[in-house]
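> Would you mind keeping the following structure in view while I ask a few things?
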Amino acid sequence: MNNSAPYKGILFDFDGVLARTMEDNLRAWQKAFGDAGGQITGEEYFPLEGMRPIDVAVFFCDKNGIPETRAEDIMHAKERYYMDDHSFLLYPHVEDFIKLCATKQIPTGIVTAGLMKRLESSVPNDFLSQFKAIITSDMYERGKPEPDPYLAGAGAIGVAPHECIVVENAPFGIRAAKRAGAYCIAIASTLPKETLLEADTIVASFGDIKELPVVSTFLAD
């Protein structure tokens, strides 16, 4: 690791950043809310990515006129549907980049609104084990866009928040990263670039990250 670089660690959102899972999540939510007499569209759901599952459930209960008391059951139904029908597919260049960080002894972490049970049950351990820390929504009370998830992530990898680079794909996550004091790179993987303007830098795909000066300097010997 280049100790003269201003950044010393990288935190990644999971869904839509490391793995192509957003469509699977949407389908599971649609089934869960369909059972409850409601509906969700991608246009409604994708901008909310980063919210804790329970907050997503409450939001769409309110939108569909479903009592909030049913939110927790709907959330659990969504998780069951996801586990019954999902694929694990990393975006191109993710594995190589994470391995490069490990080679350079750069601490990395995952900060996700997903539940730890879903992550551990659906993601190979040999991938998860490459990260110094994994922060899930089971571990904090205030989800994105509050800074708590990324403050927890920075603490878990032993790096000050202002010395972290965060890689995100949605407005709530970007806002959380900036409120935590981190430098934020947004990937336009699930939403158009014009929705990601609060980030410090926007790229089209994960493969573009390595070429950014802020990252290439960070990775330099």
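Just so we're on the same page: first chain in the structure tokens is A, next is B, and so on; residues restart at 1 for each chain, and ligands are numbered from 1 in the order they show up.
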For the interface of segment 55-166 of chain A with segment 175-179 of chain A (cut-off 7 Å, counting only C-alpha atoms), please tabulate each contacting residue of segment 55-166 of chain A alongside its nearest pair of atoms and their separation in Å to one decimal, rows sorted by chain and increasing number, as JSON lines.

{"residue": "A:Lys144", "atom": "CA", "partner": "A:Ala176", "partner_atom": "CA", "distance": 5.3}
{"residue": "A:Pro145", "atom": "CA", "partner": "A:Ala176", "partner_atom": "CA", "distance": 4.3}
{"residue": "A:Glu146", "atom": "CA", "partner": "A:Ala176", "partner_atom": "CA", "distance": 5.0}
{"residue": "A:Pro147", "atom": "CA", "partner": "A:Ala176", "partner_atom": "CA", "distance": 4.3}
{"residue": "A:Tyr150", "atom": "CA", "partner": "A:Ala177", "partner_atom": "CA", "distance": 6.1}
{"residue": "A:Val166", "atom": "CA", "partner": "A:Ala177", "partner_atom": "CA", "distance": 6.5}
> Keeping only C-alpha atoms, write the selected residues as a PDB file, in the first residue's frame.

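Just written: again-v7.pdb:
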ATOM      1  CA  LYS A 144     -28.506   4.522   4.405  1.00  0.00           C
ATOM      2  CA  PRO A 145     -28.750   7.488   3.717  1.00  0.00           C
ATOM      3  CA  GLU A 146     -27.590   7.971   7.321  1.00  0.00           C
ATOM      4  CA  PRO A 147     -23.798   7.662   7.729  1.00  0.00           C
ATOM      5  CA  TYR A 150     -20.145   3.489   6.491  1.00  0.00           C
ATOM      6  CA  VAL A 166     -16.624   4.064  -0.998  1.00  0.00           C
TER       7      VAL A 166
END
> For Gly114 of chain A, work out the shell of residues within 10 Å, counting only C-alpha atoms and skipping chain neighbours fewer than 4 positions away, then give it as a PDB file with N, CA and C atoms, in the first residue's frame.

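The result, written out as part_9.pdb:
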ATOM      1  N   ASP A  13     -20.432  -1.248  -1.460  1.00  0.00           N
ATOM      2  CA  ASP A  13     -21.789  -1.776  -1.374  1.00  0.00           C
ATOM      3  C   ASP A  13     -21.770  -3.132  -2.086  1.00  0.00           C
ATOM      4  N   PHE A  14     -22.749  -3.959  -1.829  1.00  0.00           N
ATOM      5  CA  PHE A  14     -22.747  -5.295  -2.445  1.00  0.00           C
ATOM      6  C   PHE A  14     -23.672  -5.378  -3.655  1.00  0.00           C
ATOM      7  N   ASP A  15     -24.987  -5.225  -3.411  1.00  0.00           N
ATOM      8  CA  ASP A  15     -25.960  -5.374  -4.491  1.00  0.00           C
ATOM      9  C   ASP A  15     -25.801  -4.248  -5.510  1.00  0.00           C
ATOM     10  N   ASN A  25     -33.376  -9.389  -6.351  1.00  0.00           N
ATOM     11  CA  ASN A  25     -34.022  -8.762  -5.197  1.00  0.00           C
ATOM     12  C   ASN A  25     -35.388  -8.196  -5.570  1.00  0.00           C
ATOM     13  N   GLU A  49     -32.435   1.503  -3.369  1.00  0.00           N
ATOM     14  CA  GLU A  49     -31.392   0.528  -3.029  1.00  0.00           C
ATOM     15  C   GLU A  49     -30.477   1.118  -1.966  1.00  0.00           C
ATOM     16  N   GLY A  50     -30.182   0.314  -0.967  1.00  0.00           N
ATOM     17  CA  GLY A  50     -29.384   0.787   0.160  1.00  0.00           C
ATOM     18  C   GLY A  50     -30.202   0.912   1.438  1.00  0.00           C
ATOM     19  N   MET A  51     -31.528   1.027   1.307  1.00  0.00           N
ATOM     20  CA  MET A  51     -32.385   1.028   2.493  1.00  0.00           C
ATOM     21  C   MET A  51     -32.368  -0.345   3.145  1.00  0.00           C
ATOM     22  N   ARG A  52     -32.504  -0.383   4.468  1.00  0.00           N
ATOM     23  CA  ARG A  52     -32.623  -1.660   5.156  1.00  0.00           C
ATOM     24  C   ARG A  52     -33.875  -2.385   4.662  1.00  0.00           C
ATOM     25  N   PRO A  53     -33.837  -3.716   4.606  1.00  0.00           N
ATOM     26  CA  PRO A  53     -35.015  -4.451   4.122  1.00  0.00           C
ATOM     27  C   PRO A  53     -36.301  -4.099   4.863  1.00  0.00           C
ATOM     28  N   GLU A  79     -37.120 -12.558   1.695  1.00  0.00           N
ATOM     29  CA  GLU A  79     -35.852 -13.260   1.860  1.00  0.00           C
ATOM     30  C   GLU A  79     -35.997 -14.727   1.445  1.00  0.00           C
ATOM     31  N   ARG A 118     -28.622 -13.788   4.374  1.00  0.00           N
ATOM     32  CA  ARG A 118     -28.715 -13.885   2.913  1.00  0.00           C
ATOM     33  C   ARG A 118     -27.327 -13.895   2.287  1.00  0.00           C
ATOM     34  N   LEU A 119     -26.452 -13.039   2.779  1.00  0.00           N
ATOM     35  CA  LEU A 119     -25.104 -12.963   2.217  1.00  0.00           C
ATOM     36  C   LEU A 119     -24.354 -14.283   2.403  1.00  0.00           C
ATOM     37  N   ILE A 135     -20.258  -5.557   6.851  1.00  0.00           N
ATOM     38  CA  ILE A 135     -21.266  -4.867   7.653  1.00  0.00           C
ATOM     39  C   ILE A 135     -22.621  -5.039   6.972  1.00  0.00           C
ATOM     40  N   THR A 136     -23.587  -5.617   7.694  1.00  0.00           N
ATOM     41  CA  THR A 136     -24.930  -5.811   7.154  1.00  0.00           C
ATOM     42  C   THR A 136     -25.937  -5.051   8.006  1.00  0.00           C
ATOM     43  N   SER A 137     -27.167  -5.005   7.524  1.00  0.00           N
ATOM     44  CA  SER A 137     -28.171  -4.192   8.223  1.00  0.00           C
ATOM     45  C   SER A 137     -28.544  -4.762   9.583  1.00  0.00           C
ATOM     46  N   ASP A 138     -28.112  -5.984   9.880  1.00  0.00           N
ATOM     47  CA  ASP A 138     -28.304  -6.538  11.219  1.00  0.00           C
ATOM     48  C   ASP A 138     -27.458  -5.788  12.250  1.00  0.00           C
TER      49      ASP A 138
END
> Need to verify the contact set: segment 28-40 of chain A, 8 Å, only C-alpha atoms, exclusion of same-chain residues closer than 5 positions in sequence. Can you return it as a ChimeraX atom specification?
/A:45,60-61,64,66,74-75,77-79,81-82,85
> Please dump the current selection as an mmCIF file, in the first residue's frame; keep C-alpha atoms.

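Full text of again_10.cif as output:
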data_model
loop_
_atom_site.group_PDB
_atom_site.id
_atom_site.type_symbol
_atom_site.label_atom_id
_atom_site.label_comp_id
_atom_site.auth_asym_id
_atom_site.auth_seq_id
_atom_site.Cartn_x
_atom_site.Cartn_y
_atom_site.Cartn_z
ATOM 1 C CA TYR A 45 -37.434 0.058 -6.162
ATOM 2 C CA PHE A 60 -44.028 -0.182 0.091
ATOM 3 C CA CYS A 61 -46.621 -1.152 2.686
ATOM 4 C CA ASN A 64 -49.763 -0.014 -1.300
ATOM 5 C CA ILE A 66 -50.967 -2.372 3.493
ATOM 6 C CA ILE A 74 -43.379 -9.421 4.059
ATOM 7 C CA MET A 75 -39.655 -8.822 4.538
ATOM 8 C CA ALA A 77 -41.192 -13.678 2.743
ATOM 9 C CA LYS A 78 -38.987 -11.668 0.408
ATOM 10 C CA GLU A 79 -35.852 -13.260 1.860
ATOM 11 C CA TYR A 81 -38.258 -15.982 -2.224
ATOM 12 C CA TYR A 82 -34.757 -14.638 -2.849
ATOM 13 C CA ASP A 85 -34.629 -18.116 -6.786
#
> Enter the distance from atom CA of Ala188 of chain A to atom CA of Ala71 of chain A, in Å, rounded to one decimal.
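Distance reported for this atom pair: 29.6 Å.
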> If we count only C-alpha atoms and set the cut-off at 7 Å, which residues sit around Phe206 of chain A, ignoring sequence neighbours fewer than 3 positions away in its own chain? Please answer as JSON, numbers by chain.
{"A": [93, 94, 187, 209]}
> Taking the chain letters and numbering used in this document, name the residues of segment 79-177 of chain A that DSSP puts in alpha helix (DSSP H), as an MDAnalysis selection string.
chainID A and resid 79:84 94:103 116:122 125:128 148:157 171:177
> For the atom pair atom CA of Leu197 of chain A and atom CA of Asp24 of chain A, what is the interatomic distance in Å to one decimal place?
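Result for atom CA of Leu197 of chain A versus atom CA of Asp24 of chain A: 25.9 Å, one decimal.
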> DSSP on the backbone: what in segment 75-196 of chain A comes out strand (DSSP E or B), as a count of residues only?
18
> Give the answer as one residue: which of A:Leu128, A:Ile134, A:Leu90, A:Ile54 has the shortest atom-to-atom distance to His76 of chain A, using only C-alpha atoms?
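Of all the options, A:Ile54 lies closest to His76 of chain A.
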> Do a neighbour search on Thr195 of chain A at 9 Å with only C-alpha atoms, toss out local chain neighbours closer than 5 positions, and write the hits as number ranges by chain.
A: 47, 170-171, 188
> Given the selection you just returned, output its residues as a file containing C-alpha atoms, formatted as a PDB file, in the first residue's frame.

ATOM      1  CA  PRO A  47     -33.638   4.291  -6.413  1.00  0.00           C
ATOM      2  CA  ALA A 170     -27.537   4.383  -5.601  1.00  0.00           C
ATOM      3  CA  PRO A 171     -28.418   7.808  -4.161  1.00  0.00           C
ATOM      4  CA  ALA A 188     -24.091   3.588 -13.111  1.00  0.00           C
TER       5      ALA A 188
END
> One decimal, Å: what's the distance from atom CA of Asn125 of chain A over to atom CA of Met22 of chain A, could you say?
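Taking atom CA of Asn125 of chain A and atom CA of Met22 of chain A, their separation equals 20.3 Å.
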